[in-house]
Amino acid sequence: MTAANERRVPAIVVSGFLGAGKTTLVRWLLADARAHGRRAAVVSNEFGALGIDRALLGSSAVEIIELEGGCVCCQLSNDLLDTVLRLRRQVDPDLFIVETSGLALASETLLTFWREPVRQWIGDDIGLVVVNAAQVLERRDLDGLFEDQLGSADLIVLNKIDLVPEESLAAIEQSLRRIEPDAPIVRVVQGEIDPAVLVPRLEREEPRAQPGHRHDEFVSEIVTLPPGISEDELRHRLASLRPIRAKGFVETAEGARLVQLVGSRIDLSAPPEPVPSQLLGRIVVVRRIARVAAAPPVL
């Protein structure tokens, strides 16, 4: 692999029950990628009809592959691995998106991105489970597969909230919490999720003396951490912020670490390349809060 191809590529797995709105969310992510000049590669695993409308998504910024005849989290896991490797060689995308069938589990599909040699160049990875708010309100098919899918989520995307009474949303989330108590829940309409929640980006300029960027119910901000902090203390402090996502570099007592947090999962690993000094000790945190801090907090 050339030095140019050693960059890490984020991966998003979109799962959820039939009719939850997975394809609509993928279209939204692709529109955002195109708007920012990023090339996306999509692997669709929907049964029957093609899960992604090629007429709508046909673009030089998108490479679409359909896997048929099974499920990417089990029978087709090797096919998915081969497909991702081929797309990396031939397309070299800036983002991988996998839209699973309505039968797949997000966590098991993500395992593909943790296998060799893919794990050497995959960056952020996150498993979304899209939920139809009306399905929960009507208590349709909320056991078995639905429970398994929800329990596999890094992030729960509560979709189609415009189709249910606003006063019912708290009860809907309580129903989801009884099944999955830990994964963050994000409310959206027509799959329009803030991409920063999925792939937070650490800007390469110095932090400005202004609040973080607000988008809907979320705020992204840069927090600073002192050098020499232990990994256990780092985990504790990050968890205390209750973020949905976090990413950055910290000089711990055990050495420099790439920090990636998704929900309750915190991964600390050696950076793939030397870290510029101005990036050490800075972490982008995305969370759901009522106000924006006036300046980046110091932990």
# chains A, B, ... in the order shown; residues from 1 in each chain; ligands from 1
call {"tool": "select_by_dssp", "arguments": {"residues": "stretch 63-278 of chain A", "states": "helix (DSSP H, G or I)", "output": "NGL selection string"}}
result
:A and (77-90 or 106-114 or 118-120 or 133-137 or 145-151 or 161-163 or 166-179 or 195-198 or 231-240 or 277-278)
call {"tool": "residues_around", "arguments": {"residues": "A:Val136", "least_positions_apart": "3", "cutoff": "9 Å", "atoms": "only C-alpha atoms", "output": "PyMOL selection string"}}
result
chain A and resi 131-133+139-142+172-173+175-176
call {"tool": "write_last_selection", "arguments": {"atoms": "N, CA and C atoms", "output": "short mmCIF file (atom, residue, chain, number, x, y, z; two decimals), in the first residue's frame"}}
result
data_model
loop_
_atom_site.label_atom_id
_atom_site.label_comp_id
_atom_site.auth_asym_id
_atom_site.auth_seq_id
_atom_site.Cartn_x
_atom_site.Cartn_y
_atom_site.Cartn_z
N VAL A 131 -34.78 3.10 13.54
CA VAL A 131 -36.04 2.64 14.12
C VAL A 131 -37.17 3.54 13.64
N ASN A 132 -38.25 2.93 13.20
CA ASN A 132 -39.46 3.64 12.80
C ASN A 132 -40.25 4.00 14.06
N ALA A 133 -40.38 5.29 14.36
CA ALA A 133 -41.07 5.71 15.59
C ALA A 133 -42.50 5.19 15.65
N ARG A 139 -46.41 -0.61 18.79
CA ARG A 139 -45.93 -1.85 19.40
C ARG A 139 -46.02 -3.02 18.43
N ARG A 140 -45.54 -2.79 17.21
CA ARG A 140 -45.52 -3.82 16.17
C ARG A 140 -44.14 -4.47 16.10
N ASP A 141 -44.10 -5.80 16.21
CA ASP A 141 -42.87 -6.58 15.98
C ASP A 141 -41.71 -6.06 16.82
N LEU A 142 -41.93 -5.90 18.12
CA LEU A 142 -40.88 -5.35 18.98
C LEU A 142 -40.14 -6.41 19.78
N ILE A 172 -41.89 6.55 23.66
CA ILE A 172 -41.25 5.71 22.64
C ILE A 172 -39.80 5.43 23.04
N GLU A 173 -39.09 6.47 23.46
CA GLU A 173 -37.69 6.27 23.87
C GLU A 173 -37.60 5.39 25.11
N SER A 175 -39.53 2.91 25.77
CA SER A 175 -39.69 1.54 25.26
C SER A 175 -38.38 1.03 24.70
N LEU A 176 -37.65 1.88 23.98
CA LEU A 176 -36.35 1.48 23.43
C LEU A 176 -35.34 1.27 24.54
#
call {"tool": "atom_distance", "arguments": {"atom1": "atom CA of A:Arg235", "atom2": "atom CA of A:Gly127"}}
result
20.7 Å
call {"tool": "closest_residue", "arguments": {"among": "A:Pro195, A:Gly102, A:Gly248, A:Pro165", "to": "A:Trp28", "atoms": "only C-alpha atoms"}}
result
A:Pro195
call {"tool": "closest_residue", "arguments": {"among": "A:Glu273, A:Leu279, A:Glu147, A:Pro200", "to": "A:Pro243", "atoms": "only C-alpha atoms"}}
result
A:Pro200
call {"tool": "residues_around", "arguments": {"residues": "A:Ile122", "least_positions_apart": "3", "cutoff": "12 Å", "atoms": "only C-alpha atoms", "output": "ChimeraX atom specification"}}
result
/A:5-12,84-85,88,92-96,110-119,125-126,272
call {"tool": "closest_residue", "arguments": {"among": "A:Leu158, A:Ala183, A:Val199, A:Glu99", "to": "A:Ala33", "atoms": "only C-alpha atoms"}}
result
A:Val199
call {"tool": "select_by_dssp", "arguments": {"residues": "stretch 60-289 of chain A", "states": "strand (DSSP E)", "output": "number ranges by chain"}}
result
A: 62-66, 95-99, 122-132, 155-159, 185-187, 213-215, 218-224, 245-252, 255-262, 265-269, 282-288
call {"tool": "write_last_selection", "arguments": {"atoms": "C-alpha atoms", "output": "PDB file, in the first residue's frame"}}
result
ATOM      1  CA  VAL A  62     -20.709   7.152  -5.594  1.00  0.00           C
ATOM      2  CA  GLU A  63     -19.745   3.550  -6.215  1.00  0.00           C
ATOM      3  CA  ILE A  64     -22.627   1.147  -5.511  1.00  0.00           C
ATOM      4  CA  ILE A  65     -22.258  -2.606  -5.071  1.00  0.00           C
ATOM      5  CA  GLU A  66     -25.170  -4.950  -4.326  1.00  0.00           C
ATOM      6  CA  LEU A  95     -16.269   6.847   3.157  1.00  0.00           C
ATOM      7  CA  PHE A  96     -17.692   3.310   3.247  1.00  0.00           C
ATOM      8  CA  ILE A  97     -21.422   2.832   3.836  1.00  0.00           C
ATOM      9  CA  VAL A  98     -22.992  -0.611   4.242  1.00  0.00           C
ATOM     10  CA  GLU A  99     -26.788  -0.798   4.070  1.00  0.00           C
ATOM     11  CA  ILE A 122     -10.371   1.679   8.583  1.00  0.00           C
ATOM     12  CA  GLY A 123     -10.759   4.730  10.802  1.00  0.00           C
ATOM     13  CA  ASP A 124     -13.981   5.637  12.600  1.00  0.00           C
ATOM     14  CA  ASP A 125     -16.564   2.862  12.496  1.00  0.00           C
ATOM     15  CA  ILE A 126     -20.116   2.998  13.775  1.00  0.00           C
ATOM     16  CA  GLY A 127     -23.173   0.766  13.650  1.00  0.00           C
ATOM     17  CA  LEU A 128     -26.498   2.596  13.291  1.00  0.00           C
ATOM     18  CA  VAL A 129     -29.833   0.947  13.914  1.00  0.00           C
ATOM     19  CA  VAL A 130     -32.682   2.903  12.336  1.00  0.00           C
ATOM     20  CA  VAL A 131     -36.040   2.641  14.123  1.00  0.00           C
ATOM     21  CA  ASN A 132     -39.462   3.639  12.803  1.00  0.00           C
ATOM     22  CA  LEU A 155     -26.278   4.547  17.952  1.00  0.00           C
ATOM     23  CA  ILE A 156     -30.081   4.320  17.665  1.00  0.00           C
ATOM     24  CA  VAL A 157     -31.601   6.593  15.012  1.00  0.00           C
ATOM     25  CA  LEU A 158     -35.252   7.203  15.883  1.00  0.00           C
ATOM     26  CA  ASN A 159     -36.635   8.038  12.460  1.00  0.00           C
ATOM     27  CA  ILE A 185     -30.783   7.823  20.760  1.00  0.00           C
ATOM     28  CA  VAL A 186     -30.936  10.505  18.057  1.00  0.00           C
ATOM     29  CA  ARG A 187     -34.297  11.775  16.784  1.00  0.00           C
ATOM     30  CA  HIS A 213     -20.995  24.338  16.202  1.00  0.00           C
ATOM     31  CA  ARG A 214     -24.674  23.714  16.940  1.00  0.00           C
ATOM     32  CA  HIS A 215     -26.726  21.496  14.624  1.00  0.00           C
ATOM     33  CA  PHE A 218     -26.238  18.586  19.148  1.00  0.00           C
ATOM     34  CA  VAL A 219     -23.092  20.530  19.789  1.00  0.00           C
ATOM     35  CA  SER A 220     -19.549  19.675  18.761  1.00  0.00           C
ATOM     36  CA  GLU A 221     -16.689  21.195  20.709  1.00  0.00           C
ATOM     37  CA  ILE A 222     -13.021  20.594  21.426  1.00  0.00           C
ATOM     38  CA  VAL A 223     -12.068  19.566  24.957  1.00  0.00           C
ATOM     39  CA  THR A 224      -8.488  19.500  26.172  1.00  0.00           C
ATOM     40  CA  ARG A 245     -19.236  10.520  19.719  1.00  0.00           C
ATOM     41  CA  ALA A 246     -15.679  11.625  20.451  1.00  0.00           C
ATOM     42  CA  LYS A 247     -12.377  11.503  18.584  1.00  0.00           C
ATOM     43  CA  GLY A 248      -8.905  12.907  19.096  1.00  0.00           C
ATOM     44  CA  PHE A 249      -5.345  12.334  20.282  1.00  0.00           C
ATOM     45  CA  VAL A 250      -4.072  12.273  23.867  1.00  0.00           C
ATOM     46  CA  GLU A 251      -0.563  11.823  25.295  1.00  0.00           C
ATOM     47  CA  THR A 252      -1.335   9.309  28.046  1.00  0.00           C
ATOM     48  CA  GLY A 255       2.032   6.873  25.249  1.00  0.00           C
ATOM     49  CA  ALA A 256       0.158   8.718  22.497  1.00  0.00           C
ATOM     50  CA  ARG A 257      -3.317   7.322  21.872  1.00  0.00           C
ATOM     51  CA  LEU A 258      -5.941   7.744  19.175  1.00  0.00           C
ATOM     52  CA  VAL A 259      -9.211   8.082  21.087  1.00  0.00           C
ATOM     53  CA  GLN A 260     -12.471   6.990  19.458  1.00  0.00           C
ATOM     54  CA  LEU A 261     -15.745   6.824  21.377  1.00  0.00           C
ATOM     55  CA  VAL A 262     -19.118   5.588  20.166  1.00  0.00           C
ATOM     56  CA  ARG A 265     -17.606   1.981  23.587  1.00  0.00           C
ATOM     57  CA  ILE A 266     -14.229   3.713  24.056  1.00  0.00           C
ATOM     58  CA  ASP A 267     -11.295   2.541  21.908  1.00  0.00           C
ATOM     59  CA  LEU A 268      -7.727   3.642  22.661  1.00  0.00           C
ATOM     60  CA  SER A 269      -5.051   2.660  20.161  1.00  0.00           C
ATOM     61  CA  ARG A 282      -7.501  17.748  21.909  1.00  0.00           C
ATOM     62  CA  ILE A 283     -10.651  15.700  21.455  1.00  0.00           C
ATOM     63  CA  VAL A 284     -13.729  16.537  19.391  1.00  0.00           C
ATOM     64  CA  VAL A 285     -16.797  15.738  21.488  1.00  0.00           C
ATOM     65  CA  VAL A 286     -20.314  15.547  20.023  1.00  0.00           C
ATOM     66  CA  ARG A 287     -23.105  15.539  22.558  1.00  0.00           C
ATOM     67  CA  ARG A 288     -26.708  16.424  23.115  1.00  0.00           C
TER      68      ARG A 288
END
call {"tool": "atom_distance", "arguments": {"atom1": "atom CA of A:Asp154", "atom2": "atom CA of A:Arg34"}}
result
25.0 Å
call {"tool": "atom_distance", "arguments": {"atom1": "atom CA of A:Ala239", "atom2": "atom CA of A:Trp121"}}
result
26.3 Å
call {"tool": "closest_residue", "arguments": {"among": "A:Leu225, A:Ala106, A:Val26, A:Ile179", "to": "A:Gly144", "atoms": "only C-alpha atoms"}}
result
A:Ile179
call {"tool": "closest_residue", "arguments": {"among": "A:Leu234, A:Leu25, A:Leu137, A:Arg38", "to": "A:Glu167", "atoms": "only C-alpha atoms"}}
result
A:Leu137
call {"tool": "closest_residue", "arguments": {"among": "A:Leu18, A:Ala31, A:Leu87, A:Leu105", "to": "A:Glu192", "atoms": "only C-alpha atoms"}}
result
A:Ala31
call {"tool": "decode", "arguments": {"residues": "stretch 219-243 of chain A", "atoms": "C-alpha atoms", "output": "short mmCIF file (atom, residue, chain, number, x, y, z; two decimals), in the first residue's frame"}}
result
data_model
loop_
_atom_site.label_atom_id
_atom_site.label_comp_id
_atom_site.auth_asym_id
_atom_site.auth_seq_id
_atom_site.Cartn_x
_atom_site.Cartn_y
_atom_site.Cartn_z
CA VAL A 219 -23.09 20.53 19.79
CA SER A 220 -19.55 19.68 18.76
CA GLU A 221 -16.69 21.19 20.71
CA ILE A 222 -13.02 20.59 21.43
CA VAL A 223 -12.07 19.57 24.96
CA THR A 224 -8.49 19.50 26.17
CA LEU A 225 -6.78 16.86 28.29
CA PRO A 226 -3.42 17.13 30.09
CA PRO A 227 -0.44 14.97 29.08
CA GLY A 228 0.42 12.01 31.28
CA ILE A 229 -3.17 11.06 32.09
CA SER A 230 -3.71 7.34 32.69
CA GLU A 231 -5.86 5.40 30.25
CA ASP A 232 -8.28 4.49 33.06
CA GLU A 233 -8.67 8.14 34.05
CA LEU A 234 -9.08 9.13 30.41
CA ARG A 235 -11.91 6.62 30.00
CA HIS A 236 -13.56 7.86 33.19
CA ARG A 237 -13.42 11.52 32.18
CA LEU A 238 -14.75 10.86 28.70
CA ALA A 239 -17.62 8.79 30.06
CA SER A 240 -18.50 11.58 32.49
CA LEU A 241 -19.20 13.91 29.54
CA ARG A 242 -21.87 11.49 28.24
CA PRO A 243 -20.95 12.12 24.59
#
